[in-house]
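Undergrad: Dropping the structure in here first, questions after.
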There are 2 protein chains.
Amino acid sequence: MITIKHIAERLNLSVSTVGRALTDHPRISRETKDRVREVADELGYVANRAARVMRGGSSHLVGLLVPDIRSTFYSMVAQMLSKCVEADGFHLALSITDDDRDTEMQQVRELVSARVAGIVLIPSANPRRETIAMLRMVPHVQVLRRIPSLGDCFGMDDERAILDATNHLLQLGHRRIAYVGDLIFSTGRIRFDGFRRACAEAGCAVDESLVELGPPNEQFGGEAIARLLAKPSPPTAVLTTSVQVTLGAAQQLTAMKIAVPQQLSIVGFGDGSWQQWWGPGLTTLRLPAEELATSCGLWFLHAVRTERLAGEKDPHVAISPMTLIKRGSTASV
Amino acid sequence: MITIKHIAERLNLSVSTVGRALTDHPRISRETKDRVREVADELGYVANRAARVMRGGSSHLVGLLVPDIRSTFYSMVAQMLSKCVEADGFHLALSITDDDRDTEMQQVRELVSARVAGIVLIPSANPRRETIAMLRMVPHVQVLRRIPSLGDCFGMDDERAILDATNHLLQLGHRRIAYVGDLIFSTGRIRFDGFRRACAEAGCAVDESLVELGPPNEQFGGEAIARLLAKPSPPTAVLTTSVQVTLGAAQQLTAMKIAVPQQLSIVGFGDGSWQQWWGPGLTTLRLPAEELATSCGLWFLHAVRTERLAGEKDPHVAISPMTLIKRGSTASV
DNA sequence: CGTTTTTGTGCTAACGTTCGCTCAATTTAG
DNA sequence: CTAAATTGAGCGAACGTTAGCACAAAAACG
């Protein structure tokens, strides 16, 4: 690789002069700058960022940790964040955690080792103490889920949303409402609370046998639906409270040829083009992915610029609202 | 940030000893190694990768350039690639190009500047000379599209696929077949060739007024369908030859309440869960995204390990087959 | 017991870039 | 016409890590 040294030799200049010429230092003559630039282009010189970082400069790298980049929500976050930070000359280092705390730890170590300017992460269910310690060394922002011992967080109004969805079903007269979700993540617990609260407020007892708790993935969604419908007295409505669970549930309902909403009403989670086309159209909670990602990106740049570390005293917690989109998959009993 | 120097001072050791202890050098006593490790953990030491890179080591970074990470295909590539390379201790630096050659150039410059171990890219339609020159400095692999002056490429059998799709429609008796695609990318041109060849071989003249060429995005797909259906003698079948165009077309057909396949047969491109649920089910060309991404990742690691540069003499060109999935959106005339 | 080998550690240079300091040459001011 | 200011460029140190060389102490060998 070509270095400034090569350029300096070629022009019989010192490395410092070449360095200054390339960074447009005011005390270098126009003529020298032009000659240096010309030779640099000719030799195909590309600055070594590692050296710059070592001198104490910024790596201009932003770490992004997501469980799975194929998810529409996470890829939207990645896209928007990338757009945001690139406008300021930053770049994205993408790490995929699989929601595994050990993978997460290793990835965070890598990012800190690369001296990233900051980290945006969707934290795993229960990050290691070490992970948290490392995160506290750099500006960072949590998205979606919230670990109290970490800093700023951009989340969604999970409780309100599930409350709305449950109330929608209650107002349609449903009393046997099944709940499919998780208690693994902070969001899962908040959503479940919302469900219980809505039921309690409506004076509707929660049938524990209609509560399916498990990992928020496609497979569990499908299995949960199958189990629920196989019960002696099946639910009249179901709430699927994560994107993947909703997808699995929809596939299962289609496969089992269940009439929606006649046999079962369903409220899904997240938005994708498939939801408008699935069956009678899926009633769903729309995620404010784009807005959330953008505001998160902007805040993040702010955090990096002000060298704001681990949400020092009062972490900034932003809550974006979700909206219930009513389609054909929910009807009165 | 804590450096080995801090650890050395704390233990009254030299930096070299600490450095060797941390890299598990054989000539360091077990006792010293343990003490060093302990203090390192206590102080929260994280190695500075920049320094390591400067010493001539690898950055263990792999650059990935995609037009848009929200696309299912590209995010699948990102996911699989990440899995592949992380198994070998590499990490992904994600860059989004928007298919813009200037953005692309800037991103490649950044990656080379960060001294990435290699680059995987979906090249833009017409990369700058400078971009190509920089790419030639590092091991790199093209995905999907192919720029002849660059190296190895992992693509799909675009011509064969469109040939199959067109023949499927021809066999169903269609003669007025519309084509919606692009001539911007190498893939677009190859696909169009496949269409023309299939028609020619079947002795079916291509009606140029039924050929809609434009950017491969959702908007164009919708507009193209609207234009085609507004013609005095509209097509009986249409071939949409990119993922986004297919999505736009499907949305437009739903919006216009066109009876598929009675009024119009359609063959789409790419696969997504929505396609099985859209209308009567979309007949479509399945992309071998997962396989392609995985084999690309493996080859890439090979290229990095063997320091294989710009496809030196004979670039490796892998062609994965696509398969036509027949669903309800195509029927005989 | 002396010699060779092994073991454990320190010194120092190097990677590529940046930046403070120095200094000569040139220009401007008095 | 001399003194001061400005311009243009070089020297050398520093960033954190690694690795070759050196060297003392300990161990193994004859």
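Residues in the structure tokens are named by chain (A, B, ... in the order shown) and by number from 1 within that chain; ligands are numbered from 1 in the order shown.
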Give me, as number ranges by chain, the residues of range 58-132 of chain A that a backbone DSSP run labels helix (DSSP H, G or I).
TA: A: 72-86, 101-113, 129-132
Undergrad: What residues in chain D have any atom no more than 10 Å from chain B when counting only C-alpha atoms (C1' of nucleotides), and can you write them as a PyMOL selection string?
TA: chain D and resi 15-19
Undergrad: Any idea what's packed within 8 Å of Thr284 in chain A, counting only C-alpha atoms (C1' of nucleotides), ignoring anything in its chain fewer than 4 positions away? Could you give it as a ChimeraX atom specification?
TA: /A:267-271,324-327
Undergrad: To one decimal place in Å, what is the distance between CA of Ile190 in chain B and CA of Leu163 in chain B?
TA: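 Value for the CA of Ile190 in chain B-CA of Leu163 in chain B distance: 10.4 Å.
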Undergrad: Pull out every residue of chain C sitting within 12 Å of chain B, counting only C-alpha atoms (C1' of nucleotides), and send them as a list in words.
TA: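 Contact residues on the first chain: DT6, DT7, DG8, DT9, DG10, DC11, DT12, DA13, DA14, DC15, DG16 and DT17 of chain C.
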Undergrad: Write out as a PyMOL selection string all residues of range 166-221 of chain B that backbone DSSP assigns to strand (DSSP E or B).
TA: chain B and resi 177-181+211-213
Undergrad: Restricting the output to C-alpha atoms, write the selected residues as a PDB file, in the first residue's frame.
TA:
ATOM      1  CA  ILE B 177     -46.411 -10.950 -23.053  1.00  0.00           C
ATOM      2  CA  ALA B 178     -45.356  -7.708 -21.417  1.00  0.00           C
ATOM      3  CA  TYR B 179     -41.855  -7.284 -20.000  1.00  0.00           C
ATOM      4  CA  VAL B 180     -41.099  -4.944 -17.107  1.00  0.00           C
ATOM      5  CA  GLY B 181     -37.417  -4.591 -16.330  1.00  0.00           C
ATOM      6  CA  VAL B 211     -41.776  -3.580 -23.067  1.00  0.00           C
ATOM      7  CA  GLU B 212     -41.459  -1.291 -20.066  1.00  0.00           C
ATOM      8  CA  LEU B 213     -37.883  -0.407 -19.197  1.00  0.00           C
TER       9      LEU B 213
END
Undergrad: Need to verify the contact set: Leu170 in chain A, 10 Å, only C-alpha atoms (C1' of nucleotides), exclusion of same-chain residues closer than 3 positions in sequence. Can you return it as a PyMOL selection string?
TA: chain A and resi 164-167+173-177+198-199+202+204+237+332-333
Undergrad: Restricting it to C-alpha atoms, dump the selection as a CSV table (one decimal), in the first residue's frame.
TA:
chain,number,residue,atom,x,y,z
A,164,ASP,CA,-55.1,-0.6,22.6
A,165,ALA,CA,-55.0,-3.9,20.8
A,166,THR,CA,-56.6,-5.8,23.7
A,167,ASN,CA,-59.2,-3.1,24.1
A,173,GLY,CA,-67.0,-8.6,22.6
A,174,HIS,CA,-64.2,-11.1,22.9
A,175,ARG,CA,-63.7,-12.6,26.3
A,176,ARG,CA,-61.5,-15.7,25.5
A,177,ILE,CA,-58.5,-13.8,24.3
A,198,ALA,CA,-56.4,-4.1,29.8
A,199,CYS,CA,-58.2,-7.3,30.8
A,202,ALA,CA,-62.4,-4.5,31.5
A,204,CYS,CA,-62.2,-9.8,32.0
A,237,ALA,CA,-59.3,-14.1,19.5
A,332,SER,CA,-67.1,-9.2,16.8
A,333,VAL,CA,-67.8,-12.6,18.3
Undergrad: Find the residues around range 300-302 of chain B up to 9 Å (only C-alpha atoms (C1' of nucleotides) counted), leave out those fewer than 2 positions away in its own chain, and share them as a PyMOL selection string.
TA: chain B and resi 84-85+88+118-120+139-141+295-298+304-308
Undergrad: Taking into account only C-alpha atoms, which residue in the set B:Val36, B:Ile184, B:Leu172, B:Leu64 is nearest to chain A?
TA: B:Leu64
Undergrad: With only C-alpha atoms (C1' of nucleotides) as the atoms that count, which of C:DG30, C:DT18, C:DC23, C:DT4 lies nearest to DA14 in chain D?
TA: C:DT18
Undergrad: Taking only C-alpha atoms into account, find every residue of chain B that has an atom no more than 7 Å from chain A, and write it out as a PDB file with N, CA and C atoms, in the first residue's frame.
TA:
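So the final result, stored in out.pdb, reads:
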ATOM      1  N   VAL B  46      -9.168  -3.129  26.813  1.00  0.00           N
ATOM      2  CA  VAL B  46      -9.589  -3.660  25.517  1.00  0.00           C
ATOM      3  C   VAL B  46      -8.529  -3.255  24.508  1.00  0.00           C
ATOM      4  N   ALA B  47      -7.922  -4.229  23.851  1.00  0.00           N
ATOM      5  CA  ALA B  47      -6.828  -3.972  22.916  1.00  0.00           C
ATOM      6  C   ALA B  47      -7.236  -2.951  21.862  1.00  0.00           C
ATOM      7  N   ASN B  48      -6.295  -2.151  21.456  1.00  0.00           N
ATOM      8  CA  ASN B  48      -6.532  -1.162  20.415  1.00  0.00           C
ATOM      9  C   ASN B  48      -6.204  -1.783  19.059  1.00  0.00           C
ATOM     10  N   ARG B  49      -7.251  -2.055  18.315  1.00  0.00           N
ATOM     11  CA  ARG B  49      -7.037  -2.739  17.050  1.00  0.00           C
ATOM     12  C   ARG B  49      -6.283  -1.881  16.047  1.00  0.00           C
ATOM     13  N   ALA B  50      -6.486  -0.582  16.157  1.00  0.00           N
ATOM     14  CA  ALA B  50      -5.810   0.332  15.230  1.00  0.00           C
ATOM     15  C   ALA B  50      -4.296   0.128  15.301  1.00  0.00           C
ATOM     16  N   ALA B  51      -3.792   0.005  16.510  1.00  0.00           N
ATOM     17  CA  ALA B  51      -2.352  -0.181  16.680  1.00  0.00           C
ATOM     18  C   ALA B  51      -1.909  -1.492  16.056  1.00  0.00           C
ATOM     19  N   VAL B  53      -3.360  -3.065  13.615  1.00  0.00           N
ATOM     20  CA  VAL B  53      -3.440  -2.947  12.164  1.00  0.00           C
ATOM     21  C   VAL B  53      -2.205  -2.226  11.644  1.00  0.00           C
ATOM     22  N   MET B  54      -1.788  -1.195  12.377  1.00  0.00           N
ATOM     23  CA  MET B  54      -0.649  -0.431  11.918  1.00  0.00           C
ATOM     24  C   MET B  54       0.623  -1.253  11.899  1.00  0.00           C
ATOM     25  N   ILE B  69     -30.120  -2.027   2.411  1.00  0.00           N
ATOM     26  CA  ILE B  69     -30.098  -3.194   3.301  1.00  0.00           C
ATOM     27  C   ILE B  69     -31.510  -3.686   3.611  1.00  0.00           C
ATOM     28  N   ARG B  70     -32.535  -2.899   3.303  1.00  0.00           N
ATOM     29  CA  ARG B  70     -33.892  -3.331   3.620  1.00  0.00           C
ATOM     30  C   ARG B  70     -34.407  -4.397   2.661  1.00  0.00           C
ATOM     31  N   THR B  72     -34.908  -7.807   1.009  1.00  0.00           N
ATOM     32  CA  THR B  72     -34.760  -9.136   1.607  1.00  0.00           C
ATOM     33  C   THR B  72     -33.510  -9.843   1.087  1.00  0.00           C
ATOM     34  N   SER B  75     -30.311  -8.195   2.630  1.00  0.00           N
ATOM     35  CA  SER B  75     -30.155  -8.429   4.065  1.00  0.00           C
ATOM     36  C   SER B  75     -29.834  -9.901   4.318  1.00  0.00           C
ATOM     37  N   MET B  76     -30.335 -10.767   3.445  1.00  0.00           N
ATOM     38  CA  MET B  76     -29.963 -12.179   3.555  1.00  0.00           C
ATOM     39  C   MET B  76     -28.473 -12.349   3.283  1.00  0.00           C
ATOM     40  N   GLN B  79     -26.621 -11.154   6.320  1.00  0.00           N
ATOM     41  CA  GLN B  79     -26.729 -12.083   7.446  1.00  0.00           C
ATOM     42  C   GLN B  79     -25.801 -13.279   7.256  1.00  0.00           C
ATOM     43  N   LEU B  92     -18.111  -7.330   9.953  1.00  0.00           N
ATOM     44  CA  LEU B  92     -18.687  -6.711   8.775  1.00  0.00           C
ATOM     45  C   LEU B  92     -18.743  -5.193   8.919  1.00  0.00           C
ATOM     46  N   ALA B  93     -18.257  -4.483   7.922  1.00  0.00           N
ATOM     47  CA  ALA B  93     -18.490  -3.036   7.852  1.00  0.00           C
ATOM     48  C   ALA B  93     -19.510  -2.842   6.747  1.00  0.00           C
ATOM     49  N   LEU B  94     -20.682  -2.378   7.114  1.00  0.00           N
ATOM     50  CA  LEU B  94     -21.778  -2.288   6.151  1.00  0.00           C
ATOM     51  C   LEU B  94     -21.845  -0.911   5.523  1.00  0.00           C
ATOM     52  N   SER B  95     -21.860  -0.871   4.206  1.00  0.00           N
ATOM     53  CA  SER B  95     -21.998   0.406   3.512  1.00  0.00           C
ATOM     54  C   SER B  95     -23.178   0.336   2.571  1.00  0.00           C
ATOM     55  N   VAL B 112     -11.191   0.942   2.090  1.00  0.00           N
ATOM     56  CA  VAL B 112      -9.767   0.730   1.822  1.00  0.00           C
ATOM     57  C   VAL B 112      -8.952   1.499   2.846  1.00  0.00           C
ATOM     58  N   SER B 113      -9.417   2.679   3.175  1.00  0.00           N
ATOM     59  CA  SER B 113      -8.746   3.498   4.181  1.00  0.00           C
ATOM     60  C   SER B 113      -8.716   2.782   5.531  1.00  0.00           C
ATOM     61  N   ALA B 114      -9.768   2.063   5.822  1.00  0.00           N
ATOM     62  CA  ALA B 114      -9.817   1.298   7.079  1.00  0.00           C
ATOM     63  C   ALA B 114      -9.031   0.002   6.942  1.00  0.00           C
ATOM     64  N   ARG B 115      -8.428  -0.204   5.795  1.00  0.00           N
ATOM     65  CA  ARG B 115      -7.610  -1.385   5.516  1.00  0.00           C
ATOM     66  C   ARG B 115      -8.383  -2.672   5.790  1.00  0.00           C
ATOM     67  N   SER B 273     -42.621 -13.914   1.872  1.00  0.00           N
ATOM     68  CA  SER B 273     -43.802 -14.609   2.363  1.00  0.00           C
ATOM     69  C   SER B 273     -45.078 -14.022   1.758  1.00  0.00           C
ATOM     70  N   TRP B 274     -45.026 -12.742   1.397  1.00  0.00           N
ATOM     71  CA  TRP B 274     -46.245 -12.122   0.859  1.00  0.00           C
ATOM     72  C   TRP B 274     -46.691 -12.760  -0.447  1.00  0.00           C
ATOM     73  N   TRP B 277     -49.373 -15.302  -0.382  1.00  0.00           N
ATOM     74  CA  TRP B 277     -50.675 -14.825   0.095  1.00  0.00           C
ATOM     75  C   TRP B 277     -51.321 -13.809  -0.831  1.00  0.00           C
ATOM     76  N   TRP B 278     -50.522 -13.276  -1.735  1.00  0.00           N
ATOM     77  CA  TRP B 278     -51.046 -12.246  -2.623  1.00  0.00           C
ATOM     78  C   TRP B 278     -51.986 -12.895  -3.641  1.00  0.00           C
TER      79      TRP B 278
END
Undergrad: Report as a list in words all protein, DNA and RNA residues lying within 10 Å of DG12 in chain D, evaluated on only C-alpha atoms (C1' of nucleotides), omitting residues in the same chain fewer than 2 positions from it.
TA: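 In the requested format, the answer is DG20 and DC21 of chain C; DG10 and DA14 of chain D.
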Undergrad: Find the spatial neighbours of Pro261 in chain A, counting only C-alpha atoms (C1' of nucleotides), within a cut-off of 6 Å - ignore same-chain residues fewer than 3 positions away - and output them as a ChimeraX atom specification.
TA: /A:264-265,329-331
